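Coordinates as given in data17.pdb (PDB, C-alpha atoms and all ligand atoms):
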```pdb
MODEL        1
ATOM      1  CA  MET A   1     -24.266  11.554 -12.510
ATOM      2  CA  SER A   2     -20.559  11.421 -11.910
ATOM      3  CA  VAL A   3     -18.197  12.088  -9.014
ATOM      4  CA  PRO A   4     -15.315  14.601  -9.072
ATOM      5  CA  GLN A   5     -12.281  12.431  -9.728
ATOM      6  CA  THR A   6      -9.828  14.783  -8.064
ATOM      7  CA  THR A   7      -8.129  12.420  -5.600
ATOM      8  CA  ILE A   8      -4.638  11.104  -6.322
ATOM      9  CA  ALA A   9      -3.951   7.917  -4.345
ATOM     10  CA  VAL A  10      -0.465   6.658  -3.591
ATOM     11  CA  VAL A  11      -0.627   3.012  -2.496
ATOM     12  CA  TYR A  12       2.300   1.311  -0.742
ATOM     13  CA  ASP A  13       3.263  -2.242   0.011
ATOM     14  CA  TYR A  14       4.842  -2.277   3.506
ATOM     15  CA  ASP A  15       7.648  -4.810   4.117
ATOM     16  CA  GLN A  16      10.760  -4.026   2.048
ATOM     17  CA  THR A  17       8.957  -1.129   0.386
ATOM     18  CA  LEU A  18       8.595   1.326   3.292
ATOM     19  CA  SER A  19      10.832  -0.628   5.669
ATOM     20  CA  PRO A  20      14.092  -2.538   5.148
ATOM     21  CA  THR A  21      13.011  -5.396   7.441
ATOM     22  CA  TYR A  22       9.997  -7.622   7.986
ATOM     23  CA  MET A  23       7.713  -6.213  10.673
ATOM     24  CA  GLN A  24       7.501  -9.511  12.579
ATOM     25  CA  ASP A  25      11.300  -9.781  12.823
ATOM     26  CA  GLU A  26      11.665  -6.149  13.788
ATOM     27  CA  VAL A  27       9.206  -5.708  16.639
ATOM     28  CA  LEU A  28       7.117  -8.831  17.268
ATOM     29  CA  PHE A  29       9.671 -11.617  17.762
ATOM     30  CA  PRO A  30      11.943  -9.665  20.128
ATOM     31  CA  ALA A  31       8.935  -8.738  22.304
ATOM     32  CA  TYR A  32       7.871 -12.364  22.741
ATOM     33  CA  GLY A  33      11.279 -14.030  22.671
ATOM     34  CA  ILE A  34      10.538 -15.865  19.417
ATOM     35  CA  ASP A  35      13.508 -17.140  17.427
ATOM     36  CA  PRO A  36      12.974 -15.863  13.850
ATOM     37  CA  GLY A  37      14.828 -18.792  12.272
ATOM     38  CA  SER A  38      12.647 -21.475  13.827
ATOM     39  CA  PHE A  39       9.469 -19.400  13.362
ATOM     40  CA  TRP A  40       9.908 -19.007   9.602
ATOM     41  CA  LYS A  41      11.091 -22.610   9.302
ATOM     42  CA  LYS A  42       7.826 -23.805  10.883
ATOM     43  CA  CYS A  43       5.902 -21.622   8.415
ATOM     44  CA  GLN A  44       7.827 -23.044   5.473
ATOM     45  CA  THR A  45       7.096 -26.587   6.612
ATOM     46  CA  LEU A  46       3.358 -25.831   6.706
ATOM     47  CA  VAL A  47       3.549 -24.326   3.213
ATOM     48  CA  ARG A  48       5.790 -26.915   1.555
ATOM     49  CA  GLN A  49       4.677 -30.113   3.286
ATOM     50  CA  ASP A  50       1.036 -29.424   4.077
ATOM     51  CA  GLY A  51       0.081 -26.973   1.320
ATOM     52  CA  TRP A  52      -0.832 -24.043   3.577
ATOM     53  CA  GLU A  53      -1.117 -20.556   2.098
ATOM     54  CA  SER A  54       1.946 -18.675   3.318
ATOM     55  CA  GLU A  55       0.059 -15.826   5.028
ATOM     56  CA  LEU A  56      -2.251 -18.231   6.897
ATOM     57  CA  ALA A  57       0.797 -20.282   7.829
ATOM     58  CA  TYR A  58       2.470 -17.333   9.580
ATOM     59  CA  LEU A  59      -0.748 -16.300  11.348
ATOM     60  CA  LYS A  60      -1.283 -19.859  12.609
ATOM     61  CA  THR A  61       2.349 -20.222  13.685
ATOM     62  CA  LEU A  62       2.126 -16.963  15.596
ATOM     63  CA  LEU A  63      -1.054 -18.063  17.390
ATOM     64  CA  ASP A  64       0.665 -21.376  18.238
ATOM     65  CA  TYR A  65       3.673 -19.583  19.710
ATOM     66  CA  LEU A  66       1.543 -17.174  21.730
ATOM     67  CA  GLN A  67      -1.160 -19.593  22.844
ATOM     68  CA  MET A  68      -0.136 -19.564  26.517
ATOM     69  CA  ASP A  69      -0.632 -15.808  26.782
ATOM     70  CA  PRO A  70      -2.044 -14.254  23.590
ATOM     71  CA  PRO A  71      -1.736 -10.448  23.315
ATOM     72  CA  THR A  72      -4.581  -8.074  22.542
ATOM     73  CA  ASN A  73      -4.683  -6.124  19.287
ATOM     74  CA  ARG A  74      -3.972  -3.006  21.355
ATOM     75  CA  GLU A  75      -0.772  -4.600  22.641
ATOM     76  CA  LEU A  76       0.261  -5.400  19.057
ATOM     77  CA  GLU A  77      -0.410  -1.775  18.077
ATOM     78  CA  LYS A  78       1.901  -0.624  20.876
ATOM     79  CA  LEU A  79       4.700  -2.772  19.418
ATOM     80  CA  GLY A  80       4.102  -1.067  16.075
ATOM     81  CA  ALA A  81       5.314   2.209  17.587
ATOM     82  CA  ASN A  82       8.866   0.821  17.354
ATOM     83  CA  LEU A  83       8.747   0.087  13.618
ATOM     84  CA  GLY A  84      11.475   1.806  11.620
ATOM     85  CA  PHE A  85      11.383   2.909   7.993
ATOM     86  CA  TYR A  86      13.606   3.796   5.086
ATOM     87  CA  GLN A  87      15.226   7.232   5.105
ATOM     88  CA  GLY A  88      12.884  10.124   4.501
ATOM     89  CA  LEU A  89       9.858   8.549   6.207
ATOM     90  CA  PRO A  90       7.496   9.669   7.572
ATOM     91  CA  GLU A  91       8.584  13.242   6.652
ATOM     92  CA  MET A  92       7.836  12.600   2.978
ATOM     93  CA  PHE A  93       4.081  12.549   3.482
ATOM     94  CA  GLY A  94       4.014  16.185   4.629
ATOM     95  CA  GLU A  95       6.544  17.297   2.012
ATOM     96  CA  LEU A  96       4.554  15.761  -0.858
ATOM     97  CA  GLU A  97       1.698  18.154  -0.098
ATOM     98  CA  GLU A  98       3.877  20.905  -1.580
ATOM     99  CA  THR A  99       3.866  19.235  -4.993
ATOM    100  CA  LEU A 100       0.266  20.396  -5.497
ATOM    101  CA  SER A 101      -0.107  24.011  -6.662
ATOM    102  CA  PRO A 102      -2.832  26.457  -5.535
ATOM    103  CA  ALA A 103      -4.471  25.895  -8.966
ATOM    104  CA  HIS A 104      -4.580  22.151  -8.296
ATOM    105  CA  ARG A 105      -5.994  22.669  -4.819
ATOM    106  CA  GLY A 106      -8.455  25.235  -6.165
ATOM    107  CA  ILE A 107     -10.382  22.545  -8.012
ATOM    108  CA  GLY A 108     -10.176  20.101  -5.089
ATOM    109  CA  ILE A 109      -7.197  17.964  -6.085
ATOM    110  CA  ARG A 110      -5.756  16.171  -3.059
ATOM    111  CA  LEU A 111      -3.360  13.395  -2.165
ATOM    112  CA  GLU A 112      -4.270  10.281  -0.205
ATOM    113  CA  HIS A 113      -1.926   7.524   0.974
ATOM    114  CA  TYR A 114      -2.833   3.874   1.521
ATOM    115  CA  ILE A 115      -0.930   0.790   2.693
ATOM    116  CA  VAL A 116      -1.860  -2.684   1.418
ATOM    117  CA  SER A 117       0.195  -5.351   3.191
ATOM    118  CA  SER A 118       0.250  -9.083   3.782
ATOM    119  CA  GLY A 119       1.756  -8.219   7.163
ATOM    120  CA  MET A 120      -0.169  -7.336  10.310
ATOM    121  CA  LYS A 121      -2.515  -4.356  10.263
ATOM    122  CA  ALA A 122      -2.310  -3.872  14.048
ATOM    123  CA  LEU A 123       1.461  -3.271  13.897
ATOM    124  CA  ILE A 124       1.161  -0.724  11.072
ATOM    125  CA  ASP A 125      -1.791   0.933  12.845
ATOM    126  CA  GLY A 126       0.464   1.575  15.819
ATOM    127  CA  SER A 127       3.352   2.899  13.738
ATOM    128  CA  ARG A 128       4.527   6.485  13.215
ATOM    129  CA  LEU A 129       3.295   6.288   9.605
ATOM    130  CA  ARG A 130      -0.334   5.823  10.569
ATOM    131  CA  PRO A 131      -1.347   9.501  10.967
ATOM    132  CA  PHE A 132      -0.468  10.100   7.303
ATOM    133  CA  ILE A 133      -2.294   7.089   5.890
ATOM    134  CA  LYS A 134      -5.969   7.234   4.937
ATOM    135  CA  GLU A 135      -6.434   3.460   5.339
ATOM    136  CA  VAL A 136      -4.278   0.454   6.160
ATOM    137  CA  PHE A 137      -5.264  -2.931   4.772
ATOM    138  CA  GLY A 138      -3.462  -5.928   6.274
ATOM    139  CA  CYS A 139      -3.972  -9.289   7.987
ATOM    140  CA  GLU A 140      -6.094  -9.028  11.126
ATOM    141  CA  PHE A 141      -6.872 -11.157  14.161
ATOM    142  CA  ALA A 142     -10.279 -11.679  15.761
ATOM    143  CA  THR A 143     -10.256 -11.731  19.569
ATOM    144  CA  ASP A 144     -11.739 -13.915  22.298
ATOM    145  CA  SER A 145     -14.055 -12.721  25.074
ATOM    146  CA  GLU A 146     -11.052 -11.236  26.895
ATOM    147  CA  GLY A 147      -9.908  -9.277  23.847
ATOM    148  CA  ARG A 148      -6.946 -11.548  23.130
ATOM    149  CA  ILE A 149      -6.095 -12.588  19.574
ATOM    150  CA  SER A 150      -7.607 -15.984  18.801
ATOM    151  CA  PHE A 151      -8.177 -16.535  15.072
ATOM    152  CA  PRO A 152      -7.332 -14.905  11.719
ATOM    153  CA  LYS A 153     -10.095 -12.446  10.835
ATOM    154  CA  ARG A 154      -8.679 -11.146   7.561
ATOM    155  CA  VAL A 155      -5.918 -12.641   5.446
ATOM    156  CA  ILE A 156      -4.421 -10.649   2.591
ATOM    157  CA  SER A 157      -2.252 -12.813   0.373
ATOM    158  CA  HIS A 158      -0.211 -11.166  -2.360
ATOM    159  CA  THR A 159      -2.797 -12.089  -4.991
ATOM    160  CA  GLN A 160      -5.630 -10.772  -2.812
ATOM    161  CA  LYS A 161      -3.873  -7.409  -2.521
ATOM    162  CA  THR A 162      -5.408  -6.387  -5.847
ATOM    163  CA  GLN A 163      -8.889  -6.466  -4.261
ATOM    164  CA  TYR A 164      -7.829  -3.506  -2.127
ATOM    165  CA  LEU A 165      -6.735  -1.510  -5.174
ATOM    166  CA  PHE A 166     -10.298  -1.915  -6.454
ATOM    167  CA  ARG A 167     -11.650  -0.865  -3.035
ATOM    168  CA  ILE A 168      -9.632   2.358  -3.252
ATOM    169  CA  ASN A 169     -10.699   2.789  -6.894
ATOM    170  CA  LYS A 170     -14.393   2.429  -5.955
ATOM    171  CA  GLY A 171     -14.165   4.193  -2.594
ATOM    172  CA  LEU A 172     -15.363   1.040  -0.811
ATOM    173  CA  LEU A 173     -13.115   1.335   2.228
ATOM    174  CA  ASP A 174     -15.744  -0.167   4.523
ATOM    175  CA  LEU A 175     -14.857  -3.848   4.370
ATOM    176  CA  SER A 176     -18.460  -4.944   4.877
ATOM    177  CA  GLN A 177     -19.195  -3.563   1.387
ATOM    178  CA  ASP A 178     -18.877  -5.967  -1.554
ATOM    179  CA  VAL A 179     -16.009  -4.857  -3.775
ATOM    180  CA  ASN A 180     -17.499  -6.764  -6.709
ATOM    181  CA  ASP A 181     -20.629  -4.604  -6.881
ATOM    182  CA  HIS A 182     -20.853  -2.939 -10.282
ATOM    183  CA  MET A 183     -19.894   0.734 -10.389
ATOM    184  CA  PRO A 184     -19.699   2.775 -13.612
ATOM    185  CA  ALA A 185     -16.265   4.265 -14.371
ATOM    186  CA  ASP A 186     -17.367   7.881 -13.794
ATOM    187  CA  MET A 187     -18.706   7.017 -10.318
ATOM    188  CA  ARG A 188     -15.359   5.682  -9.066
ATOM    189  CA  PRO A 189     -13.682   8.274  -6.822
ATOM    190  CA  VAL A 190     -10.098   7.222  -7.657
ATOM    191  CA  PRO A 191      -9.664   6.138 -11.299
ATOM    192  CA  PHE A 192      -6.622   3.929 -11.798
ATOM    193  CA  SER A 193      -5.066   6.732 -13.876
ATOM    194  CA  ASN A 194      -4.970   8.716 -10.575
ATOM    195  CA  MET A 195      -3.274   5.866  -8.695
ATOM    196  CA  ILE A 196       0.430   5.223  -8.055
ATOM    197  CA  TYR A 197       1.561   1.875  -6.611
ATOM    198  CA  LEU A 198       4.908   1.309  -4.875
ATOM    199  CA  GLY A 199       6.164  -2.223  -4.251
ATOM    200  CA  ASP A 200       9.401  -4.137  -4.025
ATOM    201  CA  GLY A 201       9.213  -7.422  -5.836
ATOM    202  CA  PRO A 202       7.438 -10.557  -7.037
ATOM    203  CA  THR A 203       4.723 -10.398  -4.326
ATOM    204  CA  ASP A 204       3.682  -7.067  -5.855
ATOM    205  CA  VAL A 205       3.377  -8.421  -9.385
ATOM    206  CA  PRO A 206      -0.437  -8.807  -9.255
ATOM    207  CA  CYS A 207      -0.725  -5.138  -8.200
ATOM    208  CA  PHE A 208       1.811  -3.968 -10.799
ATOM    209  CA  THR A 209      -0.199  -5.870 -13.406
ATOM    210  CA  ILE A 210      -3.467  -4.173 -12.378
ATOM    211  CA  MET A 211      -1.796  -0.766 -12.601
ATOM    212  CA  LYS A 212      -0.462  -1.535 -16.041
ATOM    213  CA  GLN A 213      -3.716  -2.993 -17.299
ATOM    214  CA  TYR A 214      -5.902  -0.082 -16.113
ATOM    215  CA  GLY A 215      -3.634   2.879 -16.848
ATOM    216  CA  GLY A 216      -2.194   3.383 -13.358
ATOM    217  CA  HIS A 217       1.400   4.149 -12.411
ATOM    218  CA  ALA A 218       3.918   1.979 -10.599
ATOM    219  CA  ILE A 219       7.396   2.167  -9.122
ATOM    220  CA  ALA A 220       9.435  -0.786  -7.875
ATOM    221  CA  VAL A 221      11.855   0.122  -5.086
ATOM    222  CA  TYR A 222      15.037  -1.646  -4.031
ATOM    223  CA  ASN A 223      17.348  -1.453  -1.052
ATOM    224  CA  ASN A 224      20.705  -0.289  -2.380
ATOM    225  CA  GLU A 225      22.337  -1.181   0.926
ATOM    226  CA  ASP A 226      21.583  -4.848   0.300
ATOM    227  CA  LYS A 227      25.077  -5.994  -0.645
ATOM    228  CA  SER A 228      23.787  -9.311  -2.011
ATOM    229  CA  ARG A 229      22.026  -7.244  -4.710
ATOM    230  CA  ASN A 230      18.989  -9.532  -4.392
ATOM    231  CA  SER A 231      16.785  -6.548  -3.712
ATOM    232  CA  PHE A 232      18.005  -4.739  -6.831
ATOM    233  CA  ARG A 233      17.896  -7.892  -8.935
ATOM    234  CA  LYS A 234      14.182  -8.466  -8.090
ATOM    235  CA  CYS A 235      13.337  -5.002  -9.414
ATOM    236  CA  TYR A 236      15.645  -5.263 -12.393
ATOM    237  CA  GLN A 237      13.969  -8.509 -13.470
ATOM    238  CA  LEU A 238      10.515  -6.939 -13.113
ATOM    239  CA  ALA A 239      11.474  -3.971 -15.276
ATOM    240  CA  ALA A 240      13.919  -5.414 -17.782
ATOM    241  CA  HIS A 241      12.523  -8.857 -18.513
ATOM    242  CA  ALA A 242       9.014  -9.307 -17.136
ATOM    243  CA  ASN A 243       7.890  -5.853 -18.349
ATOM    244  CA  ARG A 244       5.875  -5.327 -15.153
ATOM    245  CA  VAL A 245       7.105  -1.851 -14.188
ATOM    246  CA  LYS A 246       8.720   1.006 -16.076
ATOM    247  CA  HIS A 247      10.400   2.668 -13.109
ATOM    248  CA  ILE A 248      12.741   1.329 -10.475
ATOM    249  CA  ALA A 249      14.475   3.408  -7.795
ATOM    250  CA  PRO A 250      16.420   2.981  -4.551
ATOM    251  CA  SER A 251      14.165   3.066  -1.467
ATOM    252  CA  ASP A 252      15.356   6.482  -0.326
ATOM    253  CA  PHE A 253      12.300   8.629   0.391
ATOM    254  CA  ARG A 254      14.208  11.846   1.126
ATOM    255  CA  ALA A 255      13.543  15.021  -0.878
ATOM    256  CA  GLY A 256      15.601  15.107  -4.068
ATOM    257  CA  SER A 257      16.208  11.335  -4.270
ATOM    258  CA  HIS A 258      15.620   9.459  -7.526
ATOM    259  CA  LEU A 259      12.488   7.908  -6.008
ATOM    260  CA  ARG A 260      11.110  11.259  -4.898
ATOM    261  CA  LEU A 261      11.780  12.810  -8.304
ATOM    262  CA  ILE A 262       9.824  10.044 -10.066
ATOM    263  CA  LEU A 263       7.005  10.050  -7.515
ATOM    264  CA  GLU A 264       6.631  13.840  -7.535
ATOM    265  CA  GLU A 265       6.703  13.948 -11.337
ATOM    266  CA  MET A 266       3.923  11.343 -11.442
ATOM    267  CA  ILE A 267       1.863  13.332  -8.932
ATOM    268  CA  VAL A 268       2.313  16.653 -10.763
ATOM    269  CA  GLU A 269       1.626  15.108 -14.170
ATOM    270  CA  THR A 270      -1.546  13.485 -12.836
ATOM    271  CA  ALA A 271      -2.677  16.697 -11.106
ATOM    272  CA  ASP A 272      -2.041  18.722 -14.294
ATOM    273  CA  ARG A 273      -4.107  16.280 -16.337
ATOM    274  CA  ILE A 274      -7.000  16.439 -13.851
ATOM    275  CA  LEU A 275      -6.808  20.254 -13.916
ATOM    276  CA  ARG A 276      -6.758  20.358 -17.737
ATOM    277  CA  ASN A 277      -9.737  18.013 -17.998
ATOM    278  CA  ARG A 278     -11.654  20.024 -15.436
ATOM    279  CA  ARG A 279     -11.006  23.268 -17.339
ATOM    280  CA  ASP A 280     -12.117  21.588 -20.591
ATOM    281  CA  GLU A 281     -15.314  20.423 -18.885
ATOM    282  CA  ILE A 282     -16.048  23.922 -17.621
ATOM    283  CA  GLU A 283     -15.286  25.350 -21.065
ATOM    284  CA  ASP A 284     -17.570  22.803 -22.746
ATOM    285  CA  SER A 285     -20.406  23.396 -20.329
ATOM    286  CA  ARG A 286     -20.170  27.156 -20.993
ATOM    287  CA  VAL A 287     -20.388  26.600 -24.723
ATOM    288  CA  SER A 288     -23.244  24.150 -24.528
ATOM    289  CA  ALA A 289     -25.278  25.874 -21.824
ATOM    290  CA  PRO A 290     -28.465  27.226 -23.403
ATOM    291  CA  GLY A 291     -29.283  30.917 -23.083
ATOM    292  CA  HIS A 292     -25.683  32.071 -22.718
ATOM    293  CA  THR A 293     -23.738  33.914 -25.364
TER     294      THR A 293
HETATM  295 MG    MG A 301       7.100  -6.229   0.177
ENDMDL
END
```

What would the structure in this file look like if it were written as structure tokens?
Ligand SMILES: [Mg+2]
Amino acid sequence: MSVPQTTIAVVYDYDQTLSPTYMQDEVLFPAYGIDPGSFWKKCQTLVRQDGWESELAYLKTLLDYLQMDPPTNRELEKLGANLGFYQGLPEMFGELEETLSPAHRGIGIRLEHYIVSSGMKALIDGSRLRPFIKEVFGCEFATDSEGRISFPKRVISHTQKTQYLFRINKGLLDLSQDVNDHMPADMRPVPFSNMIYLGDGPTDVPCFTIMKQYGGHAIAVYNNEDKSRNSFRKCYQLAAHANRVKHIAPSDFRAGSHLRLILEEMIVETADRILRNRRDEIEDSRVSAPGHT
């Protein structure tokens, strides 16, 4: 038994990869009158002085700030509607469909998009990107009896992000399923060779490493409007010295950009390989089928 491995998955980090800002700074803090400087300073104190994990530290700090009148997840989703993105988004998702030829589609090849973020799932779920994304994995809040956020339900640190690559690989998108269950390679709906990961820096290193180790593809993006060049330097280091990624490109998602050229080439190359393998399989089964000449 095997499954048709005809899905190509493009997996994105969110902050600084699809958006030039951090989602909390962009839509959450203004809505609740939170001063970003003191918020992040409180988080840093928890991390540096008390040894908190940084993602738990920001979730706790947020709950502390909002404890007088905590919002519901639905209210957080509504704030997500105001999230902005790099140029070319969300139009790119529709345009990428044209990279697949009728021959590709004829054997069932299709594109899926996923977001794996250490930010807040509710905000991304409410964003204009959501209709194009098969699944969003991010930090989540549980709610109290009145539906108001009360405790972290899911925390995705940058090292835990790799778990979600394996979930996509194994098709285990239902989070109640154990991602560590054994699954033979030919039963995994999205082999890593059909996966493309886009990230922006050191927090994506565990995911870049998984892609490299298992034959996947990766692109590190940088903001070329960042005059400090920190954004570019992060990517340059990853590619030139740490040997984590082969490709780096400015975070311009418009048709014809360097990033789009690389991404589309990866998609077409992957689709062509799937098509070739499928034709070989059909050819082989014709030759080996008994009773046929
Ligand atoms: Mg990022």

Of A:Arg254, A:Arg154, A:Lys161, A:His241, the one nearest to Pro90 of chain A when counting only C-alpha atoms is A:Arg254

Hey, what's within 6 Å of Gln87 of chain A if we count only C-alpha atoms and toss same-chain stuff fewer than 2 positions away? As a ChimeraX atom specification, please? /A:89,252-253

Got time to write the residues from that selection, C-alpha atoms, as a CSV table (one decimal), keeping the file's coordinate frame?
```csv
chain,number,residue,atom,x,y,z
A,89,LEU,CA,9.9,8.5,6.2
A,252,ASP,CA,15.4,6.5,-0.3
A,253,PHE,CA,12.3,8.6,0.4
```

List, as number ranges by chain, every residue that the PyMOL selection byres (((not hetatm)) within 6 of (chain A and resi 301)) selects in the file provided. A: 13-17, 200

Please provide the set of residues having any atom within 10 Å of segment 136-152 of chain A, restricted to only C-alpha atoms, with same-chain residues fewer than 5 positions apart removed, written as a ChimeraX atom specification. /A:11-14,55-56,59-60,63-64,66-67,69-76,113-125,130,157,161,164,173,175

Which residues of segment 115-158 of chain A sit at most 12 Å from segment 93-111 of chain A, using all atoms listed in the file? Give each one's shortest atom pair and distance in Å (one decimal place), in chain and ascending residue order, as a tab-separated table.
```
residue	atom	partner	partner_atom	distance
A:Arg128	CA	A:Phe93	CA	11.5
A:Leu129	CA	A:Phe93	CA	8.8
A:Arg130	CA	A:Phe93	CA	10.7
A:Pro131	CA	A:Phe93	CA	9.7
A:Phe132	CA	A:Phe93	CA	6.4
A:Ile133	CA	A:Phe93	CA	8.7
A:Lys134	CA	A:Leu111	CA	9.8
```

For Leu275 of chain A, which of A:Thr7, A:Val155, A:Ser2, A:Leu46 is the closest residue, counting all atoms listed in the file?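 Ranking A:Thr7, A:Val155, A:Ser2, A:Leu46 by distance to Leu275 of chain A, first place goes to A:Thr7.
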
Would you compute the distance between atom CA of Met92 of chain A and atom CA of Arg260 of chain A? Give it in Å to one decimal.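 Distance reported for this atom pair: 8.6 Å.
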
For atom CA of Ser228 of chain A and atom CA of Leu18 of chain A, determine how far apart the two atoms are, in Å to one decimal place.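 So the answer is 19.3 Å.
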
List, as a ChimeraX atom specification, every residue that the PyMOL selection byres (((chain A and resi 218-223) around 9) and not hetatm) selects in the file provided. /A:16-17,20,86,195-201,204,207-208,211-212,216-217,224-227,229-236,238-239,244-252,259,262-263

Interatomic distance between atom CA of Glu53 of chain A and atom CA of Tyr22 of chain A?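 Distance between the two atoms: 18.0 Å.
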
Determine the nearest neighbour of Glu112 of chain A from the options A:Gln44, A:Thr209, A:Asn277, A:Asn169, counting all atoms listed in the file.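 So, comparing all the options, the nearest one is A:Asn169.
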
Test item: residues at most 12 Å from Ser38 of chain A, all atoms listed in the file, excluding those fewer than 5 positions along its chain, as a short mmCIF file (atom, residue, chain, number, x, y, z; two decimals) with C-alpha atoms, keeping the file's coordinate frame:
```
data_model
loop_
_atom_site.label_atom_id
_atom_site.label_comp_id
_atom_site.auth_asym_id
_atom_site.auth_seq_id
_atom_site.Cartn_x
_atom_site.Cartn_y
_atom_site.Cartn_z
CA ASP A 25 11.30 -9.78 12.82
CA PHE A 29 9.67 -11.62 17.76
CA GLY A 33 11.28 -14.03 22.67
CA CYS A 43 5.90 -21.62 8.41
CA GLN A 44 7.83 -23.04 5.47
CA THR A 45 7.10 -26.59 6.61
CA TYR A 58 2.47 -17.33 9.58
CA THR A 61 2.35 -20.22 13.68
CA LEU A 62 2.13 -16.96 15.60
CA TYR A 65 3.67 -19.58 19.71
#
```

Once you add 6 Å to each side, what are the centre and edge lengths of the axis-aligned box holding all listed atoms of segment 140-155 of chain A? One decimal in Å, as AutoDock Vina command-line options, if you can.
```
--center_x -10.0 --center_y -12.8 --center_z 16.2 --size_x 20.1 --size_y 19.5 --size_z 33.4
```

When the PyMOL selection byres (((chain A and resi 81-83) around 9) and not hetatm) is applied to the file above, which residues end up in the set, as a PyMOL selection string? chain A and resi 19+23+26-27+77-80+84-85+123-128

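Closest approach to Met266 of chain A among A:Tyr32, A:His182, A:Ser193, A:Thr162: A:Ser193, based on all atoms listed in the file.
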
For Gln5 of chain A, which residue out of A:Val190, A:Ile267, A:Met183, A:Ala242 is the nearest one, using all atoms listed in the file?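 Checking each of A:Val190, A:Ile267, A:Met183, A:Ala242 against Gln5 of chain A, counting all atoms listed in the file, the winner is A:Val190.
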